[in-house]
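Trainee: Attaching a single structure in structure tokens format; questions to follow.
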Amino acid sequence: MYPAHSPALIASTVKVRDVKISPDGKHILYQVQAFYKPVDRFVAELWVAQTNVAYSARQVTDGQYYDKLGVFHPTKPGVVVFLSDRWNPGKGANIYTLDIRDENPEPVLLTKEVIKKGVLQFQISPDGKYIAYASSIEASESNDVRIVGSHINSMGLFLFRFDTRETSSITTISSDRHIESFTWSPDSTQLLYRLRKGRSAESGEEEVLLERISIDSASPPVQVGLYARSPSGPNIWLRSGHVVSLQSYEKESILDSRTLYVHREEGVWARKSWVRKLYGETDDAVRIVDMYDDDSGTGMIAVEVCSDTDTRIDGVVFRNGDEDDVLETIPLFQTQNEAVWFGAWDARRVHREDGGVMYVCSAVLSSGIRHESPNVWSVTVPVRGDAKVNGNAGVMYKAGAKICLSRHLQWLVDAPHIPTEVFHWKAQDGTDLSGLIRYPPGYNNSTRDKLPTVMFLHGGPYRYDALTMRRDYMPYFCNWREMLASAGYVVVSPNYRGSQGRGHEFAQSANLGIGTLDWSDCESMVDAVIARGIADPSRLGIAGWSHGGSMAAWGITESKNRFAAAIIGAGVSNWESMVMEASSPELEAAIGGVRPWVARKDSPVHKVKGVTTAVLILHGEKDERVPLAQGLGLYRGLKKNDSNVEMVIYPREPHGFVERRHAEDVMNRVLEHFSKWL
């Protein structure tokens with residue numbers, strides 16, 4: 001009997017994301033996309049809602065094409081600019097516009113001619129006169145051989161003018177580096193962009209240049225900064241003259257908490273050492289957005305901050321010339337038994353019609369505790385007292401009530417409630433740890449029944465489980481927490497050391513290498529739930545995907561017989577070969593704690609002897625993040641040692657699956673495997 005959270009429902013569901021607030025704060029734009037290809041290509045639609053009207057969301061594109069990255073035009077009320085493949089479905093996207101004020105908005109191609117190579121990303125200038133966009137460029141020759149270590153720029157930067165609809169190429173940017181990201185200067189006269197050696201993930205682990213260029217002249221670019229590796233997300237160039245980015249707390253560290261780095265404009269240009277760090281010591285700054293403050297000399301960003309299992313969004317105000325630069329920090333939003341889905345939020349400072357100021361925040365929220373499916377919510381924070389943001393005493397900020405604007409994923413609400421709680425315990429060395437426990441529907445602890453229990457391990461390792469249907473939960477082929485709980489299992493999810501939300505020291509411990517602290521943290525949660533009388537120690541399972549799968553592989557070969565059943569999804573089994581063949585070798589060397597040309601280290605494939613756990617290995621054929629050989633190596637090692645092991649390979653699939661029938665098959669096999677062995 002299949003649970004209410006069935007594989008068929010999960011495989012056919014949608015994700016809600018790309019939230020954007022209009023300049024006047026009155027409307028919210030967002031995207032709804034099928035998680036998996038229903039046929040041979042992805043489709044997605046745009047929706048819009050009124051900020052202060054509950055359940056006002058309405059669809060504004062027809063869902064027949066892949067419409068994405070929608071934003072409001074900064075100076076044209078009601079106009080939305082977005083990318084769509086409607087010219088050639090399933091191929092490159094072009095830039096379109098529509099007016100949400102129309103009853104049935106009709107998308108219109110923005111450029112005079114179709115951009116045949118497609119547009120990869122774009123950004124409208126603050127004054128609304130230009131669009132800077134990136135597009136693939138023609139290769140100099142048709143030879144498709146790859147020279148390892150060669151540096152070829154496969155992306156060009158182009159400029160579109162709204163008044164003439166003319167497009168021009170910015171030709172003075174170096175052709176031997178790849179344009180990673182770009183942003184406008186506050187006065188719309190310059191572009192600030194990052195260059196790395198190539199397009200591959202490995203190039204993001206190497207030196208990255210920061211340059212600026214004027215859009216009105218043929219003058220050469222000016223190098224203004226240098227990063228040890230790619231920052232997380234784009235830079236933001238503020239009206240206060242500051243340039244901000246998210247980097248590791250210790251810039252040279254690969255595995256570390258994320259910190260907001262703030263440079264004064266003149267300090268960046270002159271390559272001075274002045275820098276200020278905000279967040280990252282005991283919490284983690286995970287995403288930033290420009291709040292478009294237009295007061296003279298003032299800049300403002302919103303920062304998503306993770307603190308243990310909670311999330312908040314802060315507004316940080318900067319003013320050029322002030323002694324400490326950071327004028328004030330304003331609380332915009334705080335989760336309460338809920339969580340924000342992966343980057344699906346936006347915030348703006350808005351001038352009210354009465355001359356006052358307010359802050360508008362919108363996010364995709366869900367809650368396992370309140371049994372609320374992922375939907376778009378809004379909250380308004382009025383400024384009371386002085387209408388200007390100046391940090392003077394007497395200015396008060398008090399958020400209004402949250403308003404739910406949409407009704408997506410209703411089947412999750414209709415399904416039985418999965419009781420969820422935060423669980424705290426101590427590691428073997430006394431460190432305070434936290435995680436989540438999900439119980440089957442109708443679970444009654446008073447009966448003291450010990451249930452079959454699955455430890456589901458998050459990936460990353462720089463991820464975490466929070467108070468939601470998982471922090472990043474919308475039903476997904478490799479997130480089995482709710483599905484397993486719905487099927488009658490207790491599901492425990494530890495935030496082991498190396499996870500997000502606890503700051504620098506906690507995150508950086510992952511640099512010690514897998515198995516040093518993280519695995520003992522995971523085992524200690526199992527010990528704690530057994531001691532509390534929740535878990536049946538004779539019916540324990542373990543599962544995970546990506547780094548979660550790697551941790552599960554480590555766990556079964558370390559413990560040998562503690563777990564009756566295990567599922568290893570796209571996990572690493574040999575850290576030496578992983579460093580040599582994976583797409584991000586520096587990251588894998590840090591996680592694995594090994595550089596094979598320097599030293600050797602035991603991996604799960606070296607410790608398969610004596611494993612009695614029934615193991616199911618699942619892997620995509622075209623996985624570049626964790627190559628297929630990692631799964632095959634573990635399968636062969638266990639098979640040679642007469643262990644109970646099965647492996648399933650999914651053709652064409654990368655690390656994150658894209659075909660609906662494969663996604664459904666994965667989840668069916670997960671349920672069947674645990675049903676058989678637990």
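Letters for chains follow the order of the structure tokens (A, B, ...), residue numbers begin at 1 for each chain, and ligand numbers begin at 1 in the order shown.
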Leaving out Pro416 (chain A) and any residue of its chain fewer than 5 positions from it, which residues lie within 8 Å of it when counting only C-alpha atoms, given as a ChimeraX atom specification?
Mentor: /A:4,441,486
Trainee: Keeping all heavy atoms, export the residues of the selection given above as a PDB file, in the first residue's frame.
Mentor:
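Now in again.pdb:
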```pdb
ATOM      1  N   ALA A   4       0.204   8.397   1.262  1.00  0.00           N
ATOM      2  CA  ALA A   4      -0.453   9.554   0.650  1.00  0.00           C
ATOM      3  C   ALA A   4       0.544  10.425  -0.099  1.00  0.00           C
ATOM      4  O   ALA A   4       0.224  11.022  -1.125  1.00  0.00           O
ATOM      5  CB  ALA A   4      -1.172  10.364   1.728  1.00  0.00           C
ATOM      6  N   PRO A 441       1.845   9.670  10.199  1.00  0.00           N
ATOM      7  CA  PRO A 441       0.559  10.305  10.538  1.00  0.00           C
ATOM      8  C   PRO A 441      -0.124   9.563  11.690  1.00  0.00           C
ATOM      9  O   PRO A 441      -0.151   8.330  11.729  1.00  0.00           O
ATOM     10  CB  PRO A 441      -0.249  10.178   9.242  1.00  0.00           C
ATOM     11  CG  PRO A 441       0.783  10.086   8.168  1.00  0.00           C
ATOM     12  CD  PRO A 441       1.930   9.333   8.767  1.00  0.00           C
ATOM     13  N   SER A 486       5.202   9.185   5.767  1.00  0.00           N
ATOM     14  CA  SER A 486       3.835   8.878   5.363  1.00  0.00           C
ATOM     15  C   SER A 486       3.619   7.372   5.230  1.00  0.00           C
ATOM     16  O   SER A 486       2.502   6.876   5.404  1.00  0.00           O
ATOM     17  CB  SER A 486       3.525   9.573   4.034  1.00  0.00           C
ATOM     18  OG  SER A 486       2.214   9.323   3.597  1.00  0.00           O
TER      19      SER A 486
END
```
Trainee: Give the strand (DSSP E) residues of region 179-377 of chain A, as DSSP finds them on the backbone, and put them as a short mmCIF file (atom, residue, chain, number, x, y, z; two decimals) with C-alpha atoms, in the first residue's frame.
Mentor:
```cif
data_model
loop_
_atom_site.label_atom_id
_atom_site.label_comp_id
_atom_site.auth_asym_id
_atom_site.auth_seq_id
_atom_site.Cartn_x
_atom_site.Cartn_y
_atom_site.Cartn_z
CA ILE A 179 31.85 35.89 -17.83
CA GLU A 180 30.48 34.44 -14.60
CA SER A 181 28.07 37.20 -13.54
CA PHE A 182 27.46 40.93 -13.97
CA THR A 183 25.63 43.82 -12.33
CA TRP A 184 24.96 47.50 -13.05
CA GLN A 190 29.01 51.01 -15.90
CA LEU A 191 28.89 47.24 -15.60
CA LEU A 192 30.69 45.31 -12.88
CA TYR A 193 31.38 41.70 -13.84
CA ARG A 194 33.35 38.64 -12.76
CA LEU A 195 35.64 36.61 -15.02
CA ARG A 196 36.89 33.10 -14.41
CA VAL A 208 38.21 34.98 -10.32
CA LEU A 209 38.70 38.56 -11.54
CA LEU A 210 36.36 41.48 -10.81
CA GLU A 211 36.32 44.18 -13.52
CA ARG A 212 34.23 47.20 -14.46
CA ILE A 213 33.62 48.79 -17.85
CA SER A 214 31.84 51.92 -19.07
CA VAL A 222 39.49 48.17 -15.29
CA GLN A 223 40.36 45.37 -12.89
CA VAL A 224 39.01 46.26 -9.47
CA GLY A 225 39.20 43.08 -7.44
CA LEU A 226 40.33 39.47 -7.18
CA TYR A 227 38.72 36.44 -5.52
CA SER A 232 28.16 32.75 -3.87
CA GLY A 233 25.69 34.61 -6.09
CA PRO A 234 26.30 37.96 -7.84
CA ASN A 235 27.95 41.10 -6.51
CA ILE A 236 25.76 44.10 -5.67
CA TRP A 237 26.98 47.66 -6.32
CA HIS A 242 29.77 49.90 -1.47
CA VAL A 243 30.27 46.63 -3.32
CA VAL A 244 29.02 43.56 -1.45
CA SER A 245 29.34 39.81 -2.01
CA LEU A 246 28.99 36.50 -0.16
CA GLN A 247 32.18 34.53 0.43
CA SER A 248 33.58 32.01 2.89
CA ARG A 258 29.05 32.27 4.21
CA THR A 259 29.80 35.83 5.20
CA LEU A 260 28.77 39.21 3.80
CA TYR A 261 31.89 41.05 2.62
CA VAL A 262 31.52 44.81 2.30
CA HIS A 263 34.02 46.95 0.38
CA ARG A 264 33.99 50.71 0.09
CA ARG A 276 34.10 44.62 6.58
CA LYS A 277 32.55 41.23 7.34
CA LEU A 278 28.98 40.82 8.53
CA ASP A 284 25.26 32.05 7.99
CA ALA A 285 24.43 34.68 5.36
CA VAL A 286 23.14 32.64 2.42
CA ARG A 287 21.64 35.14 -0.07
CA ILE A 288 21.52 38.89 -0.69
CA VAL A 289 19.30 41.13 -2.82
CA ASP A 290 19.43 44.84 -3.64
CA THR A 298 22.14 55.50 0.90
CA GLY A 299 22.21 51.86 -0.15
CA MET A 300 20.26 48.93 1.23
CA ILE A 301 20.36 45.17 0.84
CA ALA A 302 18.32 42.32 2.29
CA VAL A 303 20.22 39.35 3.72
CA GLU A 304 18.87 35.85 4.26
CA VAL A 305 20.42 34.58 7.49
CA CYS A 306 20.27 30.98 8.72
CA SER A 307 20.60 30.43 12.46
CA ASP A 310 15.54 29.09 11.76
CA THR A 311 15.80 31.72 9.03
CA ARG A 312 15.44 35.48 9.12
CA ILE A 313 15.74 38.27 6.55
CA ASP A 314 17.55 41.43 7.63
CA GLY A 315 17.64 44.78 5.87
CA VAL A 316 21.12 46.31 6.09
CA VAL A 317 21.46 50.05 5.41
CA PHE A 318 24.73 51.63 4.23
CA ARG A 319 25.67 55.27 3.86
CA VAL A 326 26.66 50.29 8.31
CA LEU A 327 23.90 52.63 9.36
CA GLU A 328 21.51 50.09 10.82
CA THR A 329 20.12 46.58 10.53
CA ILE A 330 16.35 46.26 10.23
CA PRO A 331 14.47 43.00 10.97
CA LEU A 332 12.24 42.33 7.97
CA PHE A 333 11.12 38.74 8.50
CA GLN A 334 11.64 35.86 10.92
CA ALA A 339 11.16 27.92 6.36
CA VAL A 340 12.03 29.73 3.14
CA TRP A 341 12.55 27.59 0.07
CA PHE A 342 15.95 27.82 -1.73
CA GLY A 343 16.39 31.53 -2.49
CA ALA A 344 12.69 32.01 -3.28
CA TRP A 345 12.20 35.45 -1.73
CA ASP A 346 12.58 39.16 -2.44
CA ALA A 347 12.53 42.42 -0.46
CA ARG A 348 12.21 46.10 -1.43
CA ARG A 349 12.16 49.51 0.17
CA VAL A 350 9.09 51.31 -1.17
CA HIS A 351 8.02 54.96 -1.00
CA VAL A 357 8.40 54.48 3.65
CA MET A 358 7.69 50.78 4.00
CA TYR A 359 9.52 47.54 3.41
CA VAL A 360 7.88 44.72 1.49
CA CYS A 361 9.08 41.15 1.81
CA SER A 362 7.75 38.12 -0.09
CA ALA A 363 8.83 34.49 0.12
CA VAL A 364 7.86 30.93 -0.67
CA LEU A 365 7.17 29.42 2.76
CA SER A 366 6.19 25.96 3.94
CA SER A 367 5.77 24.36 7.34
CA GLU A 372 1.37 24.09 5.07
CA SER A 373 2.50 23.40 1.52
CA PRO A 374 4.98 25.73 -0.26
CA ASN A 375 3.22 28.93 -1.31
CA VAL A 376 3.94 32.62 -1.85
CA TRP A 377 3.46 34.85 1.19
#
```
Trainee: Would you return as a count of residues only the members of region 164-292 of chain A that DSSP assigns to helix (DSSP H, G or I) on this structure's backbone?
Mentor: 10
Trainee: Between CA of Gln336 (chain A) and CA of Arg352 (chain A), what is the spacing in Å?
Mentor: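 Pair CA of Arg352 (chain A) / CA of Gln336 (chain A) returns 27.8 Å.
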Trainee: Would you work out the distance separating CA of Glu45 (chain A) from CA of Tyr130 (chain A), expressed in Å to one decimal?
Mentor: 24.9 Å
Trainee: Write out as a list in words the residues lying within 9 Å of Lys112 (chain A), counting only C-alpha atoms and excluding same-chain residues fewer than 4 positions away.
Mentor: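 Those residues are Arg165, Glu166 and Thr167 of chain A.
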Trainee: Please indicate the distance in Å from CA of Ala582 (chain A) to CA of Glu206 (chain A), rounded to one decimal place.
Mentor: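 Answer for the CA of Ala582 (chain A) to CA of Glu206 (chain A) separation: 15.3 Å.
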Trainee: For Ala487 (chain A), which of A:Lys622, A:Arg562, A:Arg438, A:Lys601 is the closest residue, counting only C-alpha atoms?
Mentor: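 Looking only at the distances to Ala487 (chain A), the closest residue turns out to be A:Arg438.
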Trainee: Tell me which of A:Lys26, A:Arg86, A:Lys76, A:Arg448 sits closest to Ile124 (chain A), counting only C-alpha atoms.
Mentor: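 Result for the nearest residue to Ile124 (chain A): A:Lys76.
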Trainee: Would you please work out which residue, of A:Ile254, A:Ala570, A:Leu69, A:Ala564, is nearest to Phe674 (chain A) when using only C-alpha atoms?
Mentor: A:Ala564
Trainee: Using only C-alpha atoms, determine which residues lie at most 7 Å from Ala535 (chain A), disregarding the query and same-chain residues fewer than 4 positions distant; provide the list as number ranges by chain.
Mentor: A: 450-453, 529-530
Trainee: Kindly indicate which residue among A:Ile437, A:Val39, A:Val491, A:Cys404 lies nearest to Asn52 (chain A), using only C-alpha atoms for the distances.
Mentor: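 Between A:Ile437, A:Val39, A:Val491, A:Cys404, the residue approaching Asn52 (chain A) most closely is A:Cys404.
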